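What follows is the content of query.cif, which has mmCIF, C-alpha atoms:
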data_run
loop_
_atom_site.label_atom_id
_atom_site.label_comp_id
_atom_site.auth_asym_id
_atom_site.auth_seq_id
_atom_site.Cartn_x
_atom_site.Cartn_y
_atom_site.Cartn_z
CA MET Y 1 35.62 24.02 -80.83
CA ALA Y 2 33.07 26.76 -81.15
CA ASP Y 3 30.61 26.72 -78.26
CA ARG Y 4 27.73 27.26 -80.67
CA VAL Y 5 27.35 27.76 -84.42
CA THR Y 6 24.29 29.52 -85.79
CA VAL Y 7 23.74 29.67 -89.53
CA ILE Y 8 21.57 32.61 -90.54
CA GLY Y 9 19.88 32.84 -93.91
CA TRP Y 10 19.49 36.31 -95.36
CA ASP Y 11 17.09 37.20 -98.19
CA GLY Y 12 17.40 40.98 -98.04
CA SER Y 13 14.61 41.49 -95.55
CA PRO Y 14 15.20 42.71 -91.96
CA LEU Y 15 16.75 40.09 -89.69
CA THR Y 16 14.44 38.24 -87.34
CA ASP Y 17 14.72 38.58 -83.56
CA ALA Y 18 16.37 35.14 -83.40
CA ALA Y 19 18.96 36.18 -85.97
CA ARG Y 20 19.67 39.49 -84.21
CA SER Y 21 20.10 37.73 -80.89
CA ALA Y 22 22.54 35.20 -82.35
CA LEU Y 23 24.55 37.91 -84.10
CA GLY Y 24 24.66 40.06 -81.00
CA ALA Y 25 26.32 37.26 -79.04
CA ALA Y 26 28.76 36.24 -81.78
CA THR Y 27 32.50 36.36 -81.28
CA LEU Y 28 33.16 35.15 -84.84
CA VAL Y 29 31.10 35.97 -87.94
CA ALA Y 30 31.64 34.39 -91.36
CA GLY Y 31 29.93 35.53 -94.53
CA ALA Y 32 30.26 37.31 -97.85
CA ALA Y 33 31.33 40.95 -97.96
CA HIS Y 34 27.75 42.24 -98.03
CA HIS Y 35 26.90 40.09 -95.00
CA LEU Y 36 29.86 41.32 -92.98
CA ALA Y 37 28.80 44.91 -93.74
CA LEU Y 38 25.44 44.48 -92.00
CA PRO Y 39 25.10 46.87 -89.03
CA GLU Y 40 24.04 44.00 -86.74
CA VAL Y 41 27.50 42.38 -86.93
CA PRO Y 42 29.29 43.11 -83.62
CA PRO Y 43 32.28 45.43 -84.25
CA ARG Y 44 34.59 43.37 -82.00
CA ALA Y 45 33.72 39.99 -83.52
CA GLU Y 46 36.34 38.23 -85.62
CA ARG Y 47 35.30 38.34 -89.26
CA ILE Y 48 35.93 35.68 -91.90
CA ARG Y 49 35.28 36.39 -95.57
CA LEU Y 50 33.42 33.32 -96.77
CA GLY Y 51 35.11 31.86 -99.84
CA SER Y 52 35.83 28.20 -99.24
CA VAL Y 53 33.21 26.89 -96.80
CA ALA Y 54 35.50 24.00 -95.87
CA LEU Y 55 38.30 26.39 -94.81
CA ALA Y 56 35.81 28.47 -92.83
CA ALA Y 57 34.47 25.34 -91.14
CA ARG Y 58 37.96 24.37 -90.00
CA ARG Y 59 38.54 27.86 -88.60
CA ILE Y 60 35.18 27.80 -86.80
CA ALA Y 61 35.96 24.39 -85.35
CA GLN Y 62 39.11 25.86 -83.78
CA HIS Y 63 37.34 28.93 -82.39
CA ARG Y 64 36.49 29.17 -78.72
CA GLY Y 65 33.35 31.23 -78.54
CA THR Y 66 30.07 31.72 -80.37
CA ALA Y 67 30.15 31.63 -84.17
CA VAL Y 68 27.63 32.85 -86.73
CA VAL Y 69 27.68 32.05 -90.44
CA LEU Y 70 25.64 34.31 -92.75
CA ALA Y 71 24.48 32.99 -96.11
CA ASP Y 72 22.09 34.12 -98.84
CA GLY Y 73 18.65 32.53 -98.94
CA ASP Y 74 17.94 29.27 -97.18
CA PRO Y 75 21.35 27.92 -96.09
CA GLY Y 76 19.94 24.39 -95.87
CA PHE Y 77 18.96 24.36 -99.55
CA PHE Y 78 22.11 23.74 -101.64
CA GLY Y 79 23.86 25.84 -99.02
CA VAL Y 80 26.54 25.89 -96.33
CA VAL Y 81 24.70 23.74 -93.78
CA ARG Y 82 25.70 20.50 -95.51
CA THR Y 83 29.42 21.31 -95.29
CA LEU Y 84 29.26 22.63 -91.74
CA ARG Y 85 27.52 19.47 -90.55
CA ALA Y 86 30.22 17.18 -91.98
CA PRO Y 87 31.44 14.81 -89.23
CA GLU Y 88 35.09 15.87 -89.49
CA TYR Y 89 34.31 19.34 -88.10
CA GLY Y 90 32.29 18.15 -85.10
CA LEU Y 91 30.08 21.25 -85.13
CA GLU Y 92 26.64 21.52 -83.58
CA VAL Y 93 24.66 23.71 -85.95
CA GLU Y 94 21.49 25.71 -85.43
CA VAL Y 95 19.78 27.21 -88.49
CA VAL Y 96 17.74 30.38 -88.84
CA PRO Y 97 16.36 30.02 -92.39
CA ALA Y 98 15.20 32.60 -94.88
CA VAL Y 99 13.34 32.41 -98.17
CA SER Y 100 15.48 30.49 -100.66
CA SER Y 101 16.59 32.26 -103.81
CA VAL Y 102 14.65 29.70 -105.86
CA ALA Y 103 11.42 30.41 -103.99
CA ALA Y 104 12.06 34.15 -104.34
CA ALA Y 105 12.72 33.83 -108.08
CA PHE Y 106 9.49 31.96 -108.72
CA ALA Y 107 7.60 34.46 -106.55
CA ARG Y 108 8.97 37.34 -108.65
CA ALA Y 109 7.90 35.45 -111.77
CA GLY Y 110 4.45 34.72 -110.31
CA MET Y 111 4.83 31.01 -111.04
CA PRO Y 112 4.31 27.84 -108.99
CA TRP Y 113 7.47 25.78 -108.53
CA ASP Y 114 6.47 22.44 -107.06
CA ASP Y 115 6.71 21.04 -110.60
CA ALA Y 116 10.18 22.44 -111.30
CA ARG Y 117 13.50 20.64 -111.44
CA ILE Y 118 16.22 22.49 -109.52
CA VAL Y 119 19.88 22.22 -110.46
CA VAL Y 120 23.13 23.84 -109.41
CA ALA Y 121 25.40 24.93 -112.26
CA HIS Y 122 29.19 25.03 -111.98
CA SER Y 123 31.58 25.72 -114.85
CA ARG Y 124 33.13 22.26 -114.50
CA ASP Y 125 29.85 20.41 -115.12
CA LEU Y 126 27.51 22.98 -116.65
CA ARG Y 127 26.53 20.56 -119.41
CA ARG Y 128 24.66 18.36 -116.93
CA ALA Y 129 22.51 21.31 -115.85
CA VAL Y 130 21.93 22.11 -119.52
CA ASN Y 131 20.83 18.53 -120.16
CA VAL Y 132 18.19 18.86 -117.44
CA CYS Y 133 16.95 22.02 -119.16
CA ARG Y 134 16.77 20.11 -122.43
CA ALA Y 135 14.75 17.29 -120.89
CA HIS Y 136 12.26 19.16 -118.69
CA THR Y 137 9.75 21.96 -119.17
CA LYS Y 138 10.50 23.95 -116.01
CA VAL Y 139 13.95 24.14 -114.41
CA ALA Y 140 15.47 26.54 -111.89
CA VAL Y 141 19.22 26.93 -112.29
CA LEU Y 142 21.30 28.20 -109.39
CA THR Y 143 24.18 29.71 -111.34
CA SER Y 144 27.78 30.51 -110.46
CA PRO Y 145 30.55 32.60 -112.05
CA GLY Y 146 31.43 31.08 -115.41
CA ALA Y 147 28.19 29.10 -115.43
CA GLY Y 148 25.58 31.83 -115.77
CA PRO Y 149 22.71 32.70 -118.11
CA ALA Y 150 24.95 33.40 -121.12
CA GLU Y 151 26.85 30.12 -120.87
CA LEU Y 152 23.61 28.24 -120.27
CA ALA Y 153 22.08 29.77 -123.40
CA LEU Y 154 25.10 28.98 -125.56
CA LEU Y 155 25.00 25.29 -124.63
CA LEU Y 156 21.25 25.15 -125.29
CA ASP Y 157 21.88 26.03 -128.92
CA GLY Y 158 19.11 24.58 -131.08
CA VAL Y 159 16.65 24.18 -128.19
CA HIS Y 160 14.17 27.03 -127.73
CA ARG Y 161 13.45 28.02 -124.14
CA THR Y 162 12.32 31.13 -122.25
CA PHE Y 163 14.64 32.47 -119.54
CA VAL Y 164 13.46 34.35 -116.46
CA ILE Y 165 16.70 35.79 -115.07
CA CYS Y 166 16.58 37.10 -111.50
CA GLU Y 167 19.65 39.13 -110.56
CA GLU Y 168 20.72 40.10 -107.03
CA LEU Y 169 17.46 39.07 -105.38
CA GLY Y 170 16.68 40.81 -102.10
CA THR Y 171 18.93 43.81 -102.75
CA ASP Y 172 18.19 47.30 -104.02
CA ARG Y 173 19.79 46.22 -107.33
CA GLU Y 174 17.32 43.38 -107.85
CA GLN Y 175 16.23 42.97 -111.47
CA VAL Y 176 14.04 40.40 -113.27
CA THR Y 177 14.42 39.96 -117.04
CA VAL Y 178 12.36 37.72 -119.34
CA LEU Y 179 13.76 36.85 -122.76
CA THR Y 180 14.25 33.91 -125.11
CA SER Y 181 17.29 31.72 -124.65
CA ASP Y 182 18.86 32.78 -127.96
CA LYS Y 183 19.08 36.38 -126.64
CA ALA Y 184 20.60 35.63 -123.24
CA ALA Y 185 24.16 35.31 -124.51
CA ASP Y 186 24.06 38.91 -125.79
CA HIS Y 187 23.98 40.38 -122.27
CA VAL Y 188 26.27 40.65 -119.24
CA TRP Y 189 24.50 39.41 -116.11
CA ARG Y 190 25.22 40.31 -112.50
CA ASP Y 191 25.99 37.68 -109.87
CA PRO Y 192 24.32 36.21 -107.95
CA ASN Y 193 21.44 35.24 -110.18
CA VAL Y 194 18.88 32.48 -110.61
CA VAL Y 195 17.60 31.43 -114.03
CA ILE Y 196 14.15 29.90 -114.49
CA VAL Y 197 14.14 27.96 -117.76
CA VAL Y 198 10.70 27.17 -119.17
CA GLY Y 199 9.42 25.80 -122.46
CA GLY Y 200 9.02 22.70 -124.52
CA SER Y 201 5.96 20.80 -125.68
CA PRO Y 202 3.94 19.45 -122.75
CA GLY Y 203 2.25 16.62 -124.73
CA GLY Y 204 -0.20 14.11 -123.30
CA ALA Y 205 -3.56 14.84 -121.73
CA ALA Y 206 -2.95 17.81 -119.44
CA ALA Y 207 -4.84 17.40 -116.19
CA GLN Y 208 -6.01 20.29 -114.06
CA GLY Y 209 -5.14 20.62 -110.41
CA THR Y 210 -1.95 19.98 -108.48
CA GLY Y 211 0.55 17.19 -108.45
CA TRP Y 212 1.71 15.10 -105.53
CA LEU Y 213 5.49 14.80 -106.02
CA ALA Y 214 7.81 17.80 -106.20
CA GLY Y 215 9.92 18.08 -109.32
CA HIS Y 216 7.48 16.30 -111.62
CA GLU Y 217 5.50 18.13 -114.27
CA VAL Y 218 1.91 18.71 -113.19
CA GLY Y 219 -0.60 17.28 -115.62
CA HIS Y 220 1.90 15.08 -117.42
CA PRO Y 221 0.94 11.42 -117.37
CA THR Y 222 3.81 9.16 -116.37
CA GLY Y 223 2.94 6.94 -119.32
CA PRO Y 224 2.54 3.18 -119.38
CA ARG Y 225 4.16 1.32 -116.52
CA GLY Y 226 7.52 -0.22 -117.30
CA TRP Y 227 9.87 0.15 -120.23
CA GLY Y 228 10.74 -1.89 -123.30
CA LEU Y 229 7.12 -1.34 -124.31
CA PRO Y 230 5.46 -3.30 -127.13
CA ALA Y 231 4.90 -1.87 -130.58
CA HIS Y 232 1.26 -0.89 -129.97
CA ALA Y 233 2.42 1.61 -127.31
CA TYR Y 234 4.13 3.47 -130.16
CA GLY Y 235 1.29 3.43 -132.63
CA GLY Y 236 1.99 0.34 -134.69
CA VAL Y 237 4.78 -1.64 -136.29
CA LEU Y 238 8.33 -0.70 -135.34
CA GLY Y 239 11.27 -0.77 -137.69
CA GLU Y 240 14.05 -3.30 -137.99
CA GLY Y 241 16.26 -3.26 -134.92
CA GLU Y 242 13.52 -1.83 -132.68
CA SER Y 243 12.10 -5.03 -131.24
CA VAL Y 244 11.00 -5.02 -127.63
CA GLN Y 245 13.70 -7.44 -126.49
CA LEU Y 246 16.56 -5.66 -128.28
CA ARG Y 247 15.41 -2.21 -127.14
CA THR Y 248 15.09 -3.41 -123.56
CA ALA Y 249 18.62 -4.82 -123.58
CA GLN Y 250 20.03 -1.66 -125.16
CA LEU Y 251 18.38 0.64 -122.62
CA ALA Y 252 19.55 -1.58 -119.75
CA ARG Y 253 23.16 -1.24 -120.93
CA LEU Y 254 22.92 2.50 -121.60
CA GLY Y 255 21.28 3.32 -118.25
CA PRO Y 256 20.06 6.82 -119.24
CA GLN Y 257 19.41 9.12 -116.27
CA VAL Y 258 18.73 12.72 -115.34
CA GLY Y 259 21.64 14.94 -116.41
CA ASP Y 260 22.70 12.65 -119.27
CA LEU Y 261 22.59 13.44 -122.97
CA VAL Y 262 21.66 10.46 -125.14
CA TRP Y 263 22.33 10.28 -128.86
CA ASP Y 264 19.91 7.97 -130.68
CA ILE Y 265 21.35 7.67 -134.19
CA GLY Y 266 19.10 6.09 -136.75
CA THR Y 267 16.17 6.59 -134.41
CA GLY Y 268 13.67 4.89 -136.75
CA ALA Y 269 10.21 5.07 -135.24
CA GLY Y 270 11.61 6.80 -132.14
CA ALA Y 271 10.70 4.16 -129.54
CA ALA Y 272 14.18 3.99 -127.97
CA ALA Y 273 14.53 7.79 -127.97
CA VAL Y 274 11.18 8.24 -126.21
CA GLU Y 275 11.96 5.59 -123.62
CA ALA Y 276 15.35 7.15 -122.86
CA ALA Y 277 13.58 10.49 -122.38
CA ARG Y 278 11.09 8.85 -120.01
CA PHE Y 279 14.05 8.08 -117.73
CA GLY Y 280 14.63 11.86 -117.45
CA ALA Y 281 17.61 12.06 -119.80
CA ALA Y 282 18.05 14.64 -122.53
CA VAL Y 283 17.83 13.01 -125.96
CA ILE Y 284 18.89 13.99 -129.45
CA ALA Y 285 17.27 11.70 -132.02
CA VAL Y 286 18.99 11.65 -135.42
CA ASP Y 287 17.68 10.16 -138.66
CA ALA Y 288 18.23 10.69 -142.36
CA ALA Y 289 14.58 9.98 -143.19
CA PRO Y 290 12.20 12.95 -142.78
CA GLU Y 291 9.27 10.65 -142.02
CA SER Y 292 11.21 9.07 -139.14
CA CYS Y 293 11.96 12.50 -137.71
CA GLU Y 294 8.32 13.53 -137.96
CA ARG Y 295 7.12 10.32 -136.35
CA THR Y 296 9.65 10.59 -133.51
CA ALA Y 297 8.60 14.19 -132.76
CA ALA Y 298 4.92 13.18 -132.75
CA LEU Y 299 5.66 10.21 -130.51
CA ALA Y 300 7.48 12.44 -128.02
CA ARG Y 301 4.50 14.80 -127.86
CA ARG Y 302 2.12 11.89 -127.32
CA HIS Y 303 4.21 10.55 -124.43
CA GLY Y 304 4.80 13.99 -122.91
CA VAL Y 305 8.62 13.93 -123.11
CA GLN Y 306 11.13 16.48 -124.39
CA LEU Y 307 13.63 15.52 -127.05
CA GLN Y 308 15.41 17.21 -129.94
CA VAL Y 309 14.99 15.70 -133.40
CA VAL Y 310 17.79 16.31 -135.92
CA HIS Y 311 17.32 15.48 -139.57
CA GLY Y 312 20.56 14.45 -141.26
CA ARG Y 313 22.88 11.63 -142.16
CA ALA Y 314 25.48 10.34 -139.75
CA PRO Y 315 28.38 10.62 -139.28
CA GLN Y 316 28.51 14.11 -140.90
CA ILE Y 317 25.53 15.48 -138.95
CA LEU Y 318 27.13 14.50 -135.63
CA GLU Y 319 29.96 17.02 -135.83
CA ASP Y 320 27.95 19.94 -134.44
CA LEU Y 321 26.03 18.04 -131.76
CA PRO Y 322 26.89 18.54 -128.05
CA GLU Y 323 28.89 15.86 -126.29
CA PRO Y 324 26.91 12.69 -125.46
CA ASP Y 325 27.07 10.59 -122.31
CA VAL Y 326 25.73 7.44 -123.95
CA VAL Y 327 24.92 6.55 -127.55
CA ARG Y 328 22.60 4.12 -129.28
CA VAL Y 329 23.49 3.46 -132.92
CA GLY Y 330 20.44 2.10 -134.69
CA GLY Y 331 22.06 2.19 -138.14
CA GLY Y 332 25.01 3.43 -140.14
CA GLY Y 333 27.55 0.68 -139.60
CA ALA Y 334 31.16 0.82 -138.44
CA GLU Y 335 31.73 4.33 -139.84
CA VAL Y 336 29.09 5.79 -137.52
CA VAL Y 337 30.32 3.75 -134.54
CA THR Y 338 33.86 5.03 -135.15
CA ALA Y 339 32.62 8.64 -135.24
CA CYS Y 340 30.71 8.15 -132.00
CA ALA Y 341 33.69 6.53 -130.27
CA ALA Y 342 35.79 9.57 -131.16
CA ARG Y 343 33.47 11.68 -128.98
CA ARG Y 344 34.22 9.42 -125.98
CA PRO Y 345 30.77 8.72 -124.53
CA GLU Y 346 30.70 6.44 -121.53
CA ARG Y 347 28.79 3.71 -123.38
CA ILE Y 348 27.81 2.85 -126.95
CA VAL Y 349 25.31 0.17 -127.96
CA THR Y 350 24.52 -1.08 -131.44
CA HIS Y 351 23.33 -4.27 -133.15
CA ALA Y 352 24.03 -6.43 -136.18
CA ALA Y 353 22.05 -8.94 -138.21
CA THR Y 354 25.07 -11.06 -139.25
CA ARG Y 355 28.27 -12.25 -137.64
CA ASP Y 356 30.43 -10.44 -140.20
CA GLU Y 357 28.67 -7.18 -139.43
CA ALA Y 358 28.99 -7.82 -135.69
CA GLU Y 359 32.75 -8.40 -136.05
CA SER Y 360 33.10 -5.15 -138.00
CA LEU Y 361 31.20 -3.16 -135.36
CA GLY Y 362 33.14 -4.85 -132.56
CA ARG Y 363 36.46 -3.88 -134.15
CA ALA Y 364 35.29 -0.28 -134.51
CA LEU Y 365 34.44 -0.17 -130.81
CA ALA Y 366 37.70 -1.82 -129.73
CA ASP Y 367 39.80 0.45 -131.97
CA GLY Y 368 38.00 3.41 -130.42
CA GLY Y 369 39.16 2.42 -126.92
CA TYR Y 370 36.13 0.49 -125.68
CA ASP Y 371 35.76 -2.85 -123.96
CA VAL Y 372 33.38 -4.83 -126.15
CA GLU Y 373 30.61 -7.18 -125.10
CA CYS Y 374 28.60 -9.12 -127.68
CA ALA Y 375 25.53 -11.25 -127.07
CA LEU Y 376 23.36 -13.19 -129.50
CA LEU Y 377 19.75 -12.44 -128.66
CA GLN Y 378 17.01 -14.75 -129.88
CA SER Y 379 13.38 -14.05 -129.16
CA VAL Y 380 10.24 -15.84 -130.21
CA ASP Y 381 6.85 -14.14 -130.16
CA LEU Y 382 4.13 -16.68 -129.40
CA ASP Y 383 0.42 -16.63 -130.11
CA THR Y 384 -0.91 -17.80 -126.74
CA SER Y 385 -4.34 -18.68 -128.10
CA ALA Y 386 -2.79 -21.61 -129.96
CA TRP Y 387 0.75 -21.56 -128.52
CA VAL Y 388 2.33 -21.33 -131.94
CA GLU Y 389 5.22 -19.22 -133.11
CA ARG Y 390 4.18 -15.85 -134.50
CA GLU Y 391 7.55 -14.19 -135.10
CA ARG Y 392 11.21 -15.02 -134.47
CA SER Y 393 14.10 -12.56 -134.15
CA VAL Y 394 17.85 -13.23 -133.96
CA VAL Y 395 20.27 -10.32 -133.54
CA PHE Y 396 23.76 -9.59 -132.26
CA LEU Y 397 23.81 -6.97 -129.49
CA LEU Y 398 27.12 -5.13 -129.14
CA SER Y 399 27.95 -2.92 -126.17
CA GLY Y 400 31.03 -0.75 -125.81
CA TYR Y 401 32.22 0.40 -122.38
CA ARG Y 402 34.77 3.20 -122.34
CA VAL Y 403 38.14 2.04 -121.03
CA PRO Y 404 39.15 4.34 -118.14
CA HIS Y 405 42.46 6.16 -118.39
CA PRO Y 406 45.18 4.55 -116.23
#

Do you think you could lay out the structure here as structure tokens?
Amino acid sequence: MADRVTVIGWDGSPLTDAARSALGAATLVAGAAHHLALPEVPPRAERIRLGSVALAARRIAQHRGTAVVLADGDPGFFGVVRTLRAPEYGLEVEVVPAVSSVAAAFARAGMPWDDARIVVAHSRDLRRAVNVCRAHTKVAVLTSPGAGPAELALLLDGVHRTFVICEELGTDREQVTVLTSDKAADHVWRDPNVVIVVGGSPGGAAAQGTGWLAGHEVGHPTGPRGWGLPAHAYGGVLGEGESVQLRTAQLARLGPQVGDLVWDIGTGAGAAAVEAARFGAAVIAVDAAPESCERTAALARRHGVQLQVVHGRAPQILEDLPEPDVVRVGGGGAEVVTACAARRPERIVTHAATRDEAESLGRALADGGYDVECALLQSVDLDTSAWVERERSVVFLLSGYRVPHP
């Protein structure tokens, strides 16, 4: 096992005395090509080109001597420190940090970043990073080859954002470019880079001053406490199928979260779409009625959430939408449920007013490869001044859970 492992962050500035001392005593140095070319690396030290951090960690664990790992930015922030500290390697790690690439990017842009969401983008799951950019007004994206500014822009199709693209921070080739997201795909960008994605409608009463919790938009009210809010929270009477009890049950089964994309088809007044967005998910609200689309957009602004409203009739309008994680079908029947099931979201929820309709929707879910759960929900709204019934609702709630592949 290595006698000592020091992880040194490098942001392009001269190395600190602590970093120079550690490098001077190193018998093994791991890093990228530009790190290994630094003049402070001892000429007799064993050098490891850092590709797979796990492979490097195993080699370091077998080394008898003093090891140094060089990494860009702050190695404890989405960096190599997490892997090196894994129990299976048994390494004792000391860290000499540097300014993280995210902090450097926001400094170049002259912007505060305590209210930014920060995501790491890989080609295998880029869509989740894109969904965060859809749902929030300020996001820093740590990119990777195959998941850079161009790919990010292509998947944001239909959502207007401004990109601040910071290439090769801390080097003599550093460059900062500001452009709209629809233009980013027209360029070739150099790695490594960080993309700051800003935009959207901040809605709500913007407060001056600072926030108190990193990653939450400053000045955005968190909205009323709880979820499954009553109709008055959304400006009046809600449409059929949007009752508090049904909406609460649907949201509980969908479980929208940060990184998800929610389809809300037949969004109606937009209450379910807005509540899903309040959980931090990206939301596309679809409706054939222009007045429903307008009301949903206004409701999102009032509650300070980001969502995309698409006017059109399902299932035809769904063909060009990005892949959903979960889907709420507020209307359209078995044909729309079948079209949604073909896109293979993890969960689909819908409702029916009659048993025949519920059986039809259940068959569509089952034929699409989903386990089906159906519950009959009955709710009675009481006037507590006289304890008399004010309104009664009976509805079938259907939930489809994608059957995993064997």

Exercise. Can you work out which one of Y:Val53, Y:Ala140, Y:Gly239, Y:Asp157 has the shortest atom-to-atom distance to Y:Ala86, counting all atoms listed in the file?
Key: Y:Val53

Exercise. Apply the PyMOL selection byres ((chain Y and resi 20) around 12) to the file shown and report the selected residues as a PyMOL selection string.
Key: chain Y and resi 6-10+14-19+21-26+38-42+68+70+96

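The space between atom CA of Y:Ala353 and atom CA of Y:Val329 spans 13.6 Å.
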
Practice problem: For Y:Pro149, please output as a PyMOL selection string all residues within 8 Å (counting only C-alpha atoms; exclusion window: fewer than 2 positions along the same chain). | Solution: chain Y and resi 143+147+151-153+165+184-185+189+195

Could you save the residues just selected, with C-alpha atoms, as an mmCIF file, in the coordinates of the input?
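Final file, part-v7.cif:
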data_model
loop_
_atom_site.group_PDB
_atom_site.id
_atom_site.type_symbol
_atom_site.label_atom_id
_atom_site.label_comp_id
_atom_site.auth_asym_id
_atom_site.auth_seq_id
_atom_site.Cartn_x
_atom_site.Cartn_y
_atom_site.Cartn_z
ATOM 1 C CA THR Y 143 24.180 29.710 -111.340
ATOM 2 C CA ALA Y 147 28.190 29.100 -115.430
ATOM 3 C CA GLU Y 151 26.850 30.120 -120.870
ATOM 4 C CA LEU Y 152 23.610 28.240 -120.270
ATOM 5 C CA ALA Y 153 22.080 29.770 -123.400
ATOM 6 C CA ILE Y 165 16.700 35.790 -115.070
ATOM 7 C CA ALA Y 184 20.600 35.630 -123.240
ATOM 8 C CA ALA Y 185 24.160 35.310 -124.510
ATOM 9 C CA TRP Y 189 24.500 39.410 -116.110
ATOM 10 C CA VAL Y 195 17.600 31.430 -114.030
#

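In this structure, atom CA of Y:Gly332 sits 27.6 Å away from atom CA of Y:Arg128.
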
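Going from atom CA of Y:Thr180 over to atom CA of Y:Asn193, you cover 16.6 Å.
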
Quiz item: Which residues come within 8 Å of Y:Thr137, counting all atoms listed in the file, excluding same-chain residues fewer than 5 positions away, as number ranges by chain?
Solution: Y: 116, 197-202, 217, 306

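Under the PyMOL selection byres ((chain Y and resi 351) around 8), the matching residues in the shown file are Gly241, Val329, Gly330, Val349, Thr350, Ala352, Ala353, Ala358, Val395, Phe396, Leu397 and Leu398 of chain Y.
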
Could you take the residues named above and write them with C-alpha atoms, as a tab-separated table (two decimals), in the coordinates of the input?
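Dumped everything to result_8.tsv:
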chain	number	residue	atom	x	y	z
Y	241	GLY	CA	16.26	-3.26	-134.92
Y	329	VAL	CA	23.49	3.46	-132.92
Y	330	GLY	CA	20.44	2.10	-134.69
Y	349	VAL	CA	25.31	0.17	-127.96
Y	350	THR	CA	24.52	-1.08	-131.44
Y	352	ALA	CA	24.03	-6.43	-136.18
Y	353	ALA	CA	22.05	-8.94	-138.21
Y	358	ALA	CA	28.99	-7.82	-135.69
Y	395	VAL	CA	20.27	-10.32	-133.54
Y	396	PHE	CA	23.76	-9.59	-132.26
Y	397	LEU	CA	23.81	-6.97	-129.49
Y	398	LEU	CA	27.12	-5.13	-129.14

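Using all atoms listed in the file, the nearest neighbour of Y:Gly73 within the list Y:Ala105, Y:Leu155, Y:Leu365, Y:Cys133 is Y:Ala105.
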
Quiz prompt | For Y:Gly280: contacts at 7 Å, all atoms listed in the file, fewer than 5 positions along chain excluded, given as a ChimeraX atom specification | solution = /Y:135,257-258

Exercise. Give me the result of the PyMOL selection byres ((chain Y and resi 310) around 9) on this file, residue by residue, as a PyMOL selection string.
Key: chain Y and resi 284-288+293+308-309+311-312+317

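Among the candidates Y:Glu242, Y:Glu94, Y:Glu389, Y:Asp125, the one nearest to Y:Ala273 when counting all atoms listed in the file is Y:Glu242.
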
Practice problem: Tell me, as a PyMOL selection string, which residues lie within 12 Å of Y:Thr83, counting only C-alpha atoms; anything in the same chain fewer than 4 positions away does not count. | Solution: chain Y and resi 7+52-58+69+75-79+87-91+93

Six-sided padding of 4 Å per side, axis-aligned box over stretch 103-114 of chain Y, centre and edges in Å, one decimal, as AutoDock Vina command-line options:
--center_x 8.5 --center_y 29.9 --center_z -107.9 --size_x 16.4 --size_y 22.9 --size_z 15.8

Quiz item: Y:Arg278: which residues within 12 Å, counting all atoms listed in the file, same-chain residues fewer than 5 positions away excluded, as a PyMOL selection string?
Solution: chain Y and resi 135-136+216+220-229+251+255-258+262+271-273+283+299-307

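Nearest residue to Y:Glu92, choosing from Y:Val5, Y:Ala289, Y:Leu261, Y:Val327 and counting all atoms listed in the file: Y:Val5.
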
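Nearest-residue note for Y:Gly368: choosing from Y:Arg161, Y:Thr384, Y:Glu346, Y:Cys340, the minimum distance belongs to Y:Cys340, counting all atoms listed in the file.
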